[in-house]
>>> print(open('start_39.cif').read())   # mmCIF, C-alpha atoms and all ligand atoms
data_start
#
loop_
_atom_site.label_atom_id
_atom_site.label_comp_id
_atom_site.auth_asym_id
_atom_site.auth_seq_id
_atom_site.Cartn_x
_atom_site.Cartn_y
_atom_site.Cartn_z
CA MET A 1 -34.82 0.82 -23.05
CA THR A 2 -36.30 -0.73 -26.17
CA ILE A 3 -36.24 1.33 -29.28
CA SER A 4 -39.21 1.32 -31.57
CA ARG A 5 -38.70 2.57 -35.07
CA VAL A 6 -41.13 5.16 -36.39
CA PRO A 7 -43.81 3.14 -38.12
CA HIS A 8 -43.38 4.21 -41.70
CA GLN A 9 -46.73 4.17 -43.36
CA ARG A 10 -46.84 4.11 -47.11
CA PRO A 11 -49.99 5.63 -48.60
CA LEU A 12 -52.14 3.26 -50.65
CA ARG A 13 -52.06 5.54 -53.66
CA PRO A 14 -48.81 7.52 -53.82
CA THR A 15 -49.06 10.71 -55.83
CA THR A 16 -45.51 12.12 -55.79
CA LYS A 17 -42.13 10.68 -56.66
CA ALA A 18 -39.37 10.47 -54.04
CA LEU A 19 -36.44 12.83 -54.62
CA PRO A 20 -32.84 12.27 -53.44
CA GLU A 21 -33.28 15.06 -50.87
CA ASP A 22 -36.38 13.26 -49.53
CA THR A 23 -34.27 10.19 -48.86
CA ARG A 24 -31.61 12.23 -47.09
CA ARG A 25 -34.23 14.05 -45.00
CA HIS A 26 -35.84 10.72 -44.14
CA ASN A 27 -32.51 9.19 -43.07
CA ARG A 28 -31.61 12.27 -41.04
CA SER A 29 -34.93 11.92 -39.18
CA LEU A 30 -34.25 8.21 -38.71
CA VAL A 31 -30.93 8.97 -36.98
CA LEU A 32 -32.50 11.68 -34.83
CA GLN A 33 -35.50 9.49 -33.99
CA SER A 34 -33.25 6.63 -32.90
CA LEU A 35 -31.34 8.93 -30.53
CA PHE A 36 -34.54 10.68 -29.40
CA ARG A 37 -36.13 7.41 -28.20
CA GLY A 38 -33.05 5.36 -27.47
CA GLY A 39 -30.75 7.92 -25.84
CA PRO A 40 -27.03 8.35 -26.55
CA MET A 41 -25.28 5.59 -28.51
CA SER A 42 -22.24 4.98 -30.68
CA ARG A 43 -22.21 5.52 -34.43
CA ALA A 44 -21.84 1.77 -34.89
CA ASP A 45 -24.97 1.08 -32.82
CA LEU A 46 -26.82 3.80 -34.72
CA ALA A 47 -25.87 2.18 -38.04
CA ARG A 48 -27.02 -1.24 -36.79
CA LEU A 49 -30.31 0.16 -35.50
CA THR A 50 -31.18 2.22 -38.56
CA GLY A 51 -29.88 -0.18 -41.19
CA LEU A 52 -27.83 2.65 -42.73
CA THR A 53 -24.20 2.10 -43.70
CA ARG A 54 -21.46 3.23 -41.29
CA VAL A 55 -20.37 5.89 -43.80
CA THR A 56 -23.88 7.31 -44.27
CA THR A 57 -24.47 7.25 -40.51
CA SER A 58 -21.21 9.13 -39.80
CA ASP A 59 -22.05 11.66 -42.54
CA LEU A 60 -25.50 12.32 -41.11
CA VAL A 61 -24.14 12.56 -37.56
CA ALA A 62 -21.56 15.11 -38.75
CA GLU A 63 -24.30 17.11 -40.49
CA LEU A 64 -26.48 17.09 -37.35
CA MET A 65 -23.50 18.09 -35.20
CA ALA A 66 -22.79 21.01 -37.51
CA ALA A 67 -26.42 22.05 -36.97
CA ASP A 68 -25.76 21.83 -33.18
CA LEU A 69 -28.50 19.25 -32.73
CA LEU A 70 -26.14 16.45 -31.69
CA VAL A 71 -23.17 16.43 -29.35
CA ASP A 72 -20.24 14.08 -28.67
CA LEU A 73 -20.66 12.68 -25.16
CA GLY A 74 -17.25 11.05 -24.70
CA THR A 75 -16.43 7.37 -24.57
CA ARG A 76 -18.54 4.59 -23.17
CA THR A 77 -17.51 3.91 -19.55
CA GLU A 78 -18.17 0.16 -19.30
CA SER A 79 -15.12 -2.05 -19.93
CA ARG A 80 -15.20 -3.72 -23.31
CA VAL A 81 -12.73 -5.48 -25.47
CA GLY A 82 -11.31 -3.22 -28.16
CA LYS A 83 -11.35 0.50 -28.67
CA PRO A 84 -14.01 2.29 -26.56
CA ALA A 85 -16.77 3.84 -28.67
CA THR A 86 -17.65 7.53 -28.60
CA LEU A 87 -21.30 8.18 -27.83
CA VAL A 88 -23.38 10.77 -29.62
CA GLY A 89 -26.62 12.20 -28.27
CA ILE A 90 -29.21 14.91 -28.84
CA ARG A 91 -28.43 18.26 -27.18
CA PRO A 92 -31.63 18.94 -25.20
CA ASP A 93 -30.89 22.67 -25.06
CA ALA A 94 -29.72 22.92 -28.67
CA THR A 95 -32.83 24.86 -29.54
CA THR A 96 -36.15 25.69 -27.96
CA ILE A 97 -39.79 25.45 -28.94
CA VAL A 98 -42.42 28.13 -28.38
CA SER A 99 -45.61 26.35 -27.39
CA LEU A 100 -49.12 27.83 -27.11
CA ASP A 101 -52.30 26.38 -25.57
CA LEU A 102 -55.48 28.20 -26.66
CA SER A 103 -57.90 25.67 -25.17
CA ASP A 104 -58.69 27.41 -21.88
CA SER A 105 -61.59 29.86 -22.08
CA GLN A 106 -60.10 32.22 -19.46
CA HIS A 107 -56.36 32.28 -20.13
CA LEU A 108 -54.07 32.01 -23.13
CA ARG A 109 -51.18 29.83 -21.98
CA GLY A 110 -47.69 29.59 -23.41
CA GLY A 111 -44.33 28.06 -22.67
CA LEU A 112 -40.82 27.27 -23.80
CA VAL A 113 -40.15 23.57 -24.27
CA ASP A 114 -36.79 21.87 -24.75
CA LEU A 115 -36.11 18.80 -26.90
CA THR A 116 -36.81 16.43 -23.98
CA GLY A 117 -40.35 17.82 -23.58
CA THR A 118 -39.45 19.74 -20.43
CA ILE A 119 -41.27 23.05 -20.09
CA THR A 120 -38.62 25.54 -19.01
CA GLU A 121 -40.88 28.56 -18.81
CA HIS A 122 -44.63 29.19 -18.41
CA ARG A 123 -46.52 32.38 -19.20
CA SER A 124 -50.23 33.12 -19.35
CA ILE A 125 -52.42 36.11 -20.21
CA ALA A 126 -56.14 36.52 -19.59
CA TRP A 127 -58.22 36.49 -22.79
CA GLU A 128 -60.57 39.07 -21.24
CA GLY A 129 -63.21 38.16 -23.78
CA ARG A 130 -61.06 38.91 -26.84
CA THR A 131 -62.17 37.33 -30.11
CA GLY A 132 -61.36 37.72 -33.83
CA ALA A 133 -58.41 39.99 -34.69
CA ASP A 134 -57.92 40.98 -31.03
CA ALA A 135 -57.52 37.34 -29.99
CA LEU A 136 -55.05 36.79 -32.85
CA GLU A 137 -53.02 39.83 -31.74
CA LEU A 138 -52.81 38.45 -28.19
CA VAL A 139 -51.58 35.09 -29.53
CA CYS A 140 -48.89 36.78 -31.70
CA ASP A 141 -47.80 38.97 -28.76
CA LEU A 142 -47.37 36.00 -26.41
CA ALA A 143 -45.44 34.03 -29.06
CA ARG A 144 -43.11 37.01 -29.62
CA THR A 145 -42.55 37.48 -25.87
CA LEU A 146 -41.67 33.82 -25.44
CA ALA A 147 -39.33 33.87 -28.46
CA ASP A 148 -37.55 36.88 -26.90
CA ASP A 149 -37.35 35.08 -23.53
CA ALA A 150 -35.75 32.06 -25.21
CA GLY A 151 -32.47 33.87 -25.82
CA ARG A 152 -31.47 31.24 -28.36
CA GLN A 153 -32.53 29.85 -31.70
CA VAL A 154 -36.23 28.91 -31.81
CA LEU A 155 -36.94 25.65 -33.63
CA GLY A 156 -40.56 26.60 -34.31
CA VAL A 157 -43.90 27.54 -32.81
CA GLY A 158 -46.51 24.90 -31.93
CA VAL A 159 -50.15 25.74 -31.23
CA GLY A 160 -53.00 23.68 -29.80
CA SER A 161 -56.24 25.52 -30.55
CA PRO A 162 -59.90 24.68 -30.17
CA GLY A 163 -61.85 24.31 -33.40
CA ILE A 164 -61.61 22.53 -36.73
CA ILE A 165 -58.12 22.97 -38.17
CA ASN A 166 -56.79 21.70 -41.49
CA ARG A 167 -53.34 20.20 -42.04
CA HIS A 168 -51.93 23.59 -43.12
CA GLY A 169 -52.77 25.25 -39.81
CA VAL A 170 -55.82 27.12 -41.07
CA VAL A 171 -58.52 27.38 -38.40
CA LEU A 172 -61.66 26.60 -40.42
CA ASP A 173 -63.98 27.23 -37.51
CA ALA A 174 -63.42 28.10 -33.84
CA PRO A 175 -66.67 29.75 -32.70
CA ASN A 176 -65.49 30.65 -29.17
CA LEU A 177 -62.54 32.63 -30.56
CA GLY A 178 -64.59 34.09 -33.42
CA TRP A 179 -62.23 32.60 -36.00
CA HIS A 180 -63.40 31.35 -39.38
CA ASP A 181 -60.96 30.45 -42.19
CA LEU A 182 -58.13 32.09 -40.27
CA ASP A 183 -54.63 31.15 -41.48
CA LEU A 184 -53.24 31.00 -37.94
CA ALA A 185 -50.01 29.23 -38.98
CA GLY A 186 -49.41 31.79 -41.75
CA GLU A 187 -50.11 34.80 -39.49
CA LEU A 188 -47.76 33.54 -36.76
CA ALA A 189 -45.07 32.56 -39.28
CA SER A 190 -44.98 36.05 -40.76
CA ALA A 191 -44.96 37.62 -37.28
CA LEU A 192 -42.10 35.44 -35.99
CA GLY A 193 -40.18 34.25 -39.05
CA VAL A 194 -40.04 30.58 -37.97
CA GLY A 195 -41.98 27.44 -38.86
CA VAL A 196 -45.42 27.26 -37.21
CA HIS A 197 -47.46 24.10 -36.64
CA VAL A 198 -51.10 24.29 -35.53
CA ALA A 199 -53.49 21.51 -34.53
CA ASN A 200 -56.74 21.08 -32.69
CA ASP A 201 -56.04 21.01 -28.94
CA ALA A 202 -57.31 17.44 -28.48
CA ASN A 203 -55.16 16.27 -31.41
CA ALA A 204 -52.14 18.04 -29.89
CA SER A 205 -52.97 16.27 -26.60
CA ALA A 206 -52.87 12.89 -28.32
CA LEU A 207 -49.42 13.69 -29.73
CA GLY A 208 -48.17 14.91 -26.33
CA GLU A 209 -49.37 11.76 -24.62
CA HIS A 210 -47.88 9.53 -27.31
CA THR A 211 -44.43 11.11 -27.19
CA PHE A 212 -43.99 12.25 -23.58
CA GLY A 213 -46.86 10.70 -21.59
CA GLY A 214 -45.54 7.16 -21.32
CA SER A 215 -47.89 5.80 -23.95
CA THR A 216 -47.02 2.20 -24.75
CA GLY A 217 -48.64 1.38 -28.08
CA HIS A 218 -49.42 2.93 -31.44
CA GLY A 219 -53.20 3.23 -30.99
CA LEU A 220 -54.32 5.91 -28.57
CA LEU A 221 -57.47 7.92 -27.88
CA VAL A 222 -57.22 10.98 -25.65
CA ILE A 223 -60.53 12.29 -24.28
CA THR A 224 -60.28 15.90 -23.13
CA VAL A 225 -62.81 16.97 -20.52
CA GLY A 226 -63.16 20.63 -19.64
CA GLN A 227 -65.82 23.20 -20.60
CA GLY A 228 -66.46 20.84 -23.51
CA VAL A 229 -65.52 17.30 -24.46
CA GLY A 230 -63.16 16.44 -27.31
CA ALA A 231 -60.95 13.62 -28.48
CA GLY A 232 -57.68 13.14 -30.34
CA LEU A 233 -56.85 9.88 -32.06
CA LEU A 234 -53.62 8.20 -33.06
CA LEU A 235 -53.86 5.05 -35.11
CA ASP A 236 -50.84 2.94 -36.07
CA GLY A 237 -48.71 5.84 -34.90
CA ASN A 238 -50.43 8.40 -37.14
CA LEU A 239 -52.63 11.29 -36.07
CA LEU A 240 -56.05 10.92 -37.63
CA LEU A 241 -57.58 14.13 -39.01
CA GLY A 242 -60.53 12.75 -40.97
CA ASP A 243 -62.06 13.81 -44.28
CA HIS A 244 -63.12 17.21 -42.95
CA PHE A 245 -60.44 17.55 -40.24
CA ALA A 246 -63.05 16.89 -37.54
CA ALA A 247 -61.96 13.40 -36.39
CA GLY A 248 -62.42 13.09 -32.63
CA GLU A 249 -65.40 15.45 -32.35
CA ILE A 250 -67.10 13.01 -30.00
CA GLY A 251 -68.54 15.64 -27.61
CA HIS A 252 -71.67 16.14 -29.67
CA VAL A 253 -72.62 12.53 -30.20
CA MET A 254 -76.07 11.96 -28.72
CA VAL A 255 -75.80 9.45 -25.85
CA VAL A 256 -79.04 10.19 -23.95
CA ASP A 257 -82.40 10.33 -25.70
CA PRO A 258 -84.27 12.34 -24.56
CA GLY A 259 -81.47 14.26 -22.86
CA GLU A 260 -80.65 17.70 -21.58
CA PRO A 261 -80.22 20.63 -24.00
CA CYS A 262 -76.68 21.10 -25.35
CA ALA A 263 -74.87 24.29 -26.44
CA CYS A 264 -74.88 22.93 -30.02
CA GLY A 265 -78.69 23.22 -30.13
CA ARG A 266 -79.49 19.51 -29.85
CA THR A 267 -80.08 17.39 -26.74
CA GLY A 268 -78.35 14.55 -24.87
CA CYS A 269 -74.83 15.03 -26.31
CA LEU A 270 -71.90 13.37 -24.49
CA GLU A 271 -70.91 16.91 -23.46
CA THR A 272 -74.14 17.27 -21.44
CA VAL A 273 -73.10 14.18 -19.48
CA LEU A 274 -69.36 14.72 -19.09
CA ALA A 275 -68.38 18.43 -19.32
CA ALA A 276 -66.65 19.42 -16.07
CA PRO A 277 -68.91 22.38 -15.06
CA LEU A 278 -72.06 20.28 -15.57
CA LEU A 279 -70.66 17.35 -13.58
CA ARG A 280 -69.69 19.70 -10.74
CA ARG A 281 -73.18 21.19 -10.68
CA ARG A 282 -74.68 17.70 -10.42
CA LEU A 283 -72.35 16.88 -7.51
CA GLU A 284 -73.32 19.94 -5.48
CA GLY A 285 -74.88 19.01 -2.12
CA THR A 286 -74.65 15.25 -2.70
CA THR A 287 -73.54 12.71 -0.07
CA PRO A 288 -70.35 10.77 -0.87
CA ALA A 289 -72.46 7.73 -1.88
CA GLU A 290 -74.65 9.85 -4.17
CA ALA A 291 -71.56 11.50 -5.66
CA ARG A 292 -70.11 8.08 -6.52
CA ARG A 293 -73.39 7.14 -8.22
CA VAL A 294 -73.43 10.37 -10.28
CA LEU A 295 -69.83 9.83 -11.42
CA ALA A 296 -70.39 6.15 -12.19
CA ALA A 297 -73.46 7.03 -14.29
CA ALA A 298 -71.35 9.47 -16.33
CA GLY A 299 -68.66 6.79 -16.72
CA ARG A 300 -71.22 4.29 -18.04
CA ARG A 301 -72.38 6.81 -20.68
CA LEU A 302 -68.77 7.39 -21.70
CA GLY A 303 -68.11 3.64 -21.86
CA SER A 304 -71.14 3.09 -24.07
CA ALA A 305 -70.08 5.93 -26.38
CA LEU A 306 -66.54 4.53 -26.61
CA ALA A 307 -67.44 0.86 -27.12
CA PRO A 308 -68.11 1.06 -30.89
CA VAL A 309 -65.05 3.28 -31.40
CA VAL A 310 -62.71 0.97 -29.47
CA SER A 311 -64.13 -2.06 -31.28
CA THR A 312 -63.97 -0.56 -34.74
CA LEU A 313 -60.39 0.66 -34.34
CA ASN A 314 -59.07 -1.98 -31.89
CA LEU A 315 -57.57 0.75 -29.69
CA GLY A 316 -55.24 -0.29 -26.87
CA GLU A 317 -55.13 2.84 -24.77
CA ILE A 318 -57.62 5.49 -23.68
CA VAL A 319 -56.31 8.51 -21.80
CA LEU A 320 -58.61 10.88 -19.91
CA SER A 321 -57.40 14.45 -19.62
CA GLY A 322 -59.17 16.81 -17.23
CA PRO A 323 -59.93 17.25 -13.51
CA ALA A 324 -58.65 14.11 -11.72
CA ASP A 325 -61.15 14.48 -8.84
CA LEU A 326 -63.95 13.95 -11.38
CA LEU A 327 -62.38 11.54 -13.85
CA ASP A 328 -60.37 9.14 -11.71
CA GLY A 329 -62.20 6.77 -9.35
CA PRO A 330 -65.86 5.79 -9.91
CA LEU A 331 -66.09 7.46 -13.36
CA ARG A 332 -63.03 5.71 -14.78
CA ALA A 333 -63.98 2.37 -13.19
CA ALA A 334 -67.50 2.54 -14.66
CA THR A 335 -66.09 3.47 -18.10
CA VAL A 336 -63.89 0.35 -18.09
CA ALA A 337 -66.71 -1.90 -16.83
CA GLU A 338 -69.14 -0.63 -19.48
CA LEU A 339 -66.53 -0.97 -22.25
CA ARG A 340 -65.93 -4.60 -21.21
CA ARG A 341 -69.68 -5.31 -21.00
CA ARG A 342 -70.32 -3.99 -24.50
CA THR A 343 -67.38 -5.39 -26.45
CA MET A 344 -65.68 -8.71 -27.21
CA PRO A 345 -62.92 -9.83 -24.81
CA VAL A 346 -60.36 -9.73 -27.64
CA VAL A 347 -61.08 -6.00 -27.99
CA ALA A 348 -61.56 -4.93 -24.38
CA ASP A 349 -59.44 -7.24 -22.22
CA ASP A 350 -56.20 -5.36 -22.80
CA VAL A 351 -57.59 -1.84 -23.15
CA THR A 352 -56.19 0.49 -20.53
CA VAL A 353 -58.14 3.56 -19.43
CA ARG A 354 -55.93 5.93 -17.48
CA LEU A 355 -55.47 9.59 -16.60
CA SER A 356 -52.91 11.72 -18.39
CA VAL A 357 -49.68 12.09 -16.43
CA LEU A 358 -49.00 15.45 -18.08
CA GLY A 359 -51.94 17.17 -16.37
CA ASP A 360 -52.50 20.82 -17.25
CA ASP A 361 -49.40 20.85 -19.48
CA LEU A 362 -50.69 18.24 -21.92
CA VAL A 363 -51.69 20.66 -24.71
CA LEU A 364 -48.46 22.69 -24.35
CA THR A 365 -46.40 19.50 -24.51
CA GLY A 366 -48.40 18.25 -27.49
CA ALA A 367 -47.98 21.55 -29.33
CA ALA A 368 -44.21 21.10 -28.88
CA VAL A 369 -44.48 17.61 -30.41
CA LEU A 370 -46.10 19.21 -33.48
CA VAL A 371 -42.88 21.20 -33.92
CA LEU A 372 -40.60 18.22 -33.20
CA THR A 373 -42.46 16.20 -35.82
CA GLY A 374 -42.81 19.02 -38.35
CA GLU A 375 -39.25 20.37 -38.12
CA LEU A 376 -37.12 17.35 -37.15
CA GLY A 377 -39.30 14.34 -37.98
CA VAL A 378 -39.12 12.92 -34.44
CA SER A 379 -41.81 12.08 -31.93
ZN ZN B 1 -74.10 19.03 -28.50
#
>>> encode(input="start_39.cif", output="structure tokens", more="lines below")
Ligand SMILES: [Zn+2]
Amino acid sequence: MTISRVPHQRPLRPTTKALPEDTRRHNRSLVLQSLFRGGPMSRADLARLTGLTRVTTSDLVAELMAADLLVDLGTRTESRVGKPATLVGIRPDATTIVSLDLSDSQHLRGGLVDLTGTITEHRSIAWEGRTGADALELVCDLARTLADDAGRQVLGVGVGSPGIINRHGVVLDAPNLGWHDLDLAGELASALGVGVHVANDANASALGEHTFGGSTGHGLLVITVGQGVGAGLLLDGNLLLGDHFAAGEIGHVMVVDPGEPCACGRTGCLETVLAAPLLRRRLEGTTPAEARRVLAAAGRRLGSALAPVVSTLNLGEIVLSGPADLLDGPLRAATVAELRRRTMPVVADDVTVRLSVLGDDLVLTGAAVLVLTGELGVS
């Protein structure tokens, strides 16, 4: 397995000085990240990979072992000249993550996730139309239940929620849940007493795909197709939030003019072309040949909406998340063809458009990555 280092992006205009504890925290994350992506290895290999001295590496490993995050895995089995090296690795069950997916309009979903991204428990409760304070209470209740189920130390709580969410976990606007300026991270943190990390569900999906979905590069766009259409964007390994935390709100870009009325009050939005319930309605009573034409037409609209985005950002990977019977096949093929038709070969030749391998668990997995990144600095 090849090990890629976390791309360390330096801001153009730094505003704060680095403190000694920042350096130590950074190096601790570097050690963890190397083991997270590369699997168990010796201290000597860790030092070589990270560029840290042997002494610093051993110190950090000892510190992480004391925190129960790392474990000695015995000596390397292959025959080598000299003293066999002891391997160290991350303990997958060292701690657990409480993960919540608020994106489904019918059910609030939750789970426990270990450090390898494996969901060890699922739970869901019907929203039953709850909004505002009632919806918040349901979210806190499910988080508490899951934390109790865990039976061990909880690393943190991760939440993927619909709406516009700032970097502090404040939901600025989530109309379907009746939340405006709700400090969701703060409310959950005081209810549970652990670190809480909240992001828009499509942004969480992009993180989940990047860390656990077999994503190959550092530029990734995840398009989520359900009741609505959203997108999460990673560029050079960083999640893009945008000036007003609304990066990826591609569902209400007008792609048909004149088009059908949209829930947002305008017409011809991408959502009116691609949202799953609308696509299903259009497919009702069609022959297989007609169905292929309907899906291909939707794919062409998606391809034309994506072409300027893919060109501007030189993205390498587009992941579709949603019902596979709608998205895979003629729709995906037409998206790729339209992207290629509308962009330069240097941009489009190597773009892959694929379905998420994480399926219905993508948001839960992504919410866990929020915690891994926020608490341990790994992804
Ligand atoms: Zn709209």
>>> atom_distance(input="start_39.cif", atom1="CA of Ile90 (chain A)", atom2="CA of Ser379 (chain A)")
13.3 Å
>>> residues_near_ligand(input="start_39.cif", ligand="ligand ZN 1 (chain B)", cutoff="7 Å", atoms="only C-alpha atoms and all ligand atoms", output="list in words")
Gly251, His252, Val253, Cys262, Ala263, Cys264, Gly265, Arg266, Thr267, Cys269 and Glu271 of chain A
>>> residues_around(input="start_39.cif", residues="Leu73 (chain A)", least_positions_apart="2", cutoff="12 Å", atoms="all atoms listed in the file", output="list in words")
Gly39, Pro40, Met41, Ser42, Arg43, Met65, Leu70, Val71, Thr75, Arg76, Thr77, Ala85, Thr86, Leu87, Val88, Gly89, Ile90 and Arg91 of chain A
>>> write_last_selection(input="start_39.cif", atoms="C-alpha atoms", output="PDB file, in the coordinates of the input")
ATOM      1  CA  GLY A  39     -30.750   7.920 -25.840  1.00  0.00           C
ATOM      2  CA  PRO A  40     -27.030   8.350 -26.550  1.00  0.00           C
ATOM      3  CA  MET A  41     -25.280   5.590 -28.510  1.00  0.00           C
ATOM      4  CA  SER A  42     -22.240   4.980 -30.680  1.00  0.00           C
ATOM      5  CA  ARG A  43     -22.210   5.520 -34.430  1.00  0.00           C
ATOM      6  CA  MET A  65     -23.500  18.090 -35.200  1.00  0.00           C
ATOM      7  CA  LEU A  70     -26.140  16.450 -31.690  1.00  0.00           C
ATOM      8  CA  VAL A  71     -23.170  16.430 -29.350  1.00  0.00           C
ATOM      9  CA  THR A  75     -16.430   7.370 -24.570  1.00  0.00           C
ATOM     10  CA  ARG A  76     -18.540   4.590 -23.170  1.00  0.00           C
ATOM     11  CA  THR A  77     -17.510   3.910 -19.550  1.00  0.00           C
ATOM     12  CA  ALA A  85     -16.770   3.840 -28.670  1.00  0.00           C
ATOM     13  CA  THR A  86     -17.650   7.530 -28.600  1.00  0.00           C
ATOM     14  CA  LEU A  87     -21.300   8.180 -27.830  1.00  0.00           C
ATOM     15  CA  VAL A  88     -23.380  10.770 -29.620  1.00  0.00           C
ATOM     16  CA  GLY A  89     -26.620  12.200 -28.270  1.00  0.00           C
ATOM     17  CA  ILE A  90     -29.210  14.910 -28.840  1.00  0.00           C
ATOM     18  CA  ARG A  91     -28.430  18.260 -27.180  1.00  0.00           C
TER      19      ARG A  91
END
>>> atom_distance(input="start_39.cif", atom1="CA of Ala204 (chain A)", atom2="CA of Ala367 (chain A)")
5.5 Å
>>> residues_around(input="start_39.cif", residues="Ala291 (chain A)", least_positions_apart="2", cutoff="12 Å", atoms="all atoms listed in the file", output="PyMOL selection string")
chain A and resi 279-289+293-298+325-326+329-331
>>> residues_around(input="start_39.cif", residues="Asn200 (chain A)", least_positions_apart="4", cutoff="8 Å", atoms="only C-alpha atoms", output="VMD selection string")
chain A and resid 160 to 165 204
>>> residues_near_point(input="start_39.cif", point="(-55.1, 20.2, -17.5)", cutoff="6 Å", atoms="all atoms listed in the file", output="list in words")
Gly322, Gly359 and Asp360 of chain A
>>> residues_around(input="start_39.cif", residues="Gly374 (chain A)", least_positions_apart="5", cutoff="10 Å", atoms="all atoms listed in the file", output="ChimeraX atom specification")
/A:156,158,195-197,368-369,379
>>> closest_residue(input="start_39.cif", among="A:Glu249, A:Glu121, A:Glu260, A:Glu128", to="Ser99 (chain A)", atoms="all atoms listed in the file")
A:Glu121
>>> closest_residue(input="start_39.cif", among="A:Leu52, A:Ala62, A:Ile223, A:Leu115", to="Phe36 (chain A)", atoms="all atoms listed in the file")
A:Leu115
>>> atom_distance(input="start_39.cif", atom1="CA of Thr53 (chain A)", atom2="CA of Leu32 (chain A)")
15.5 Å
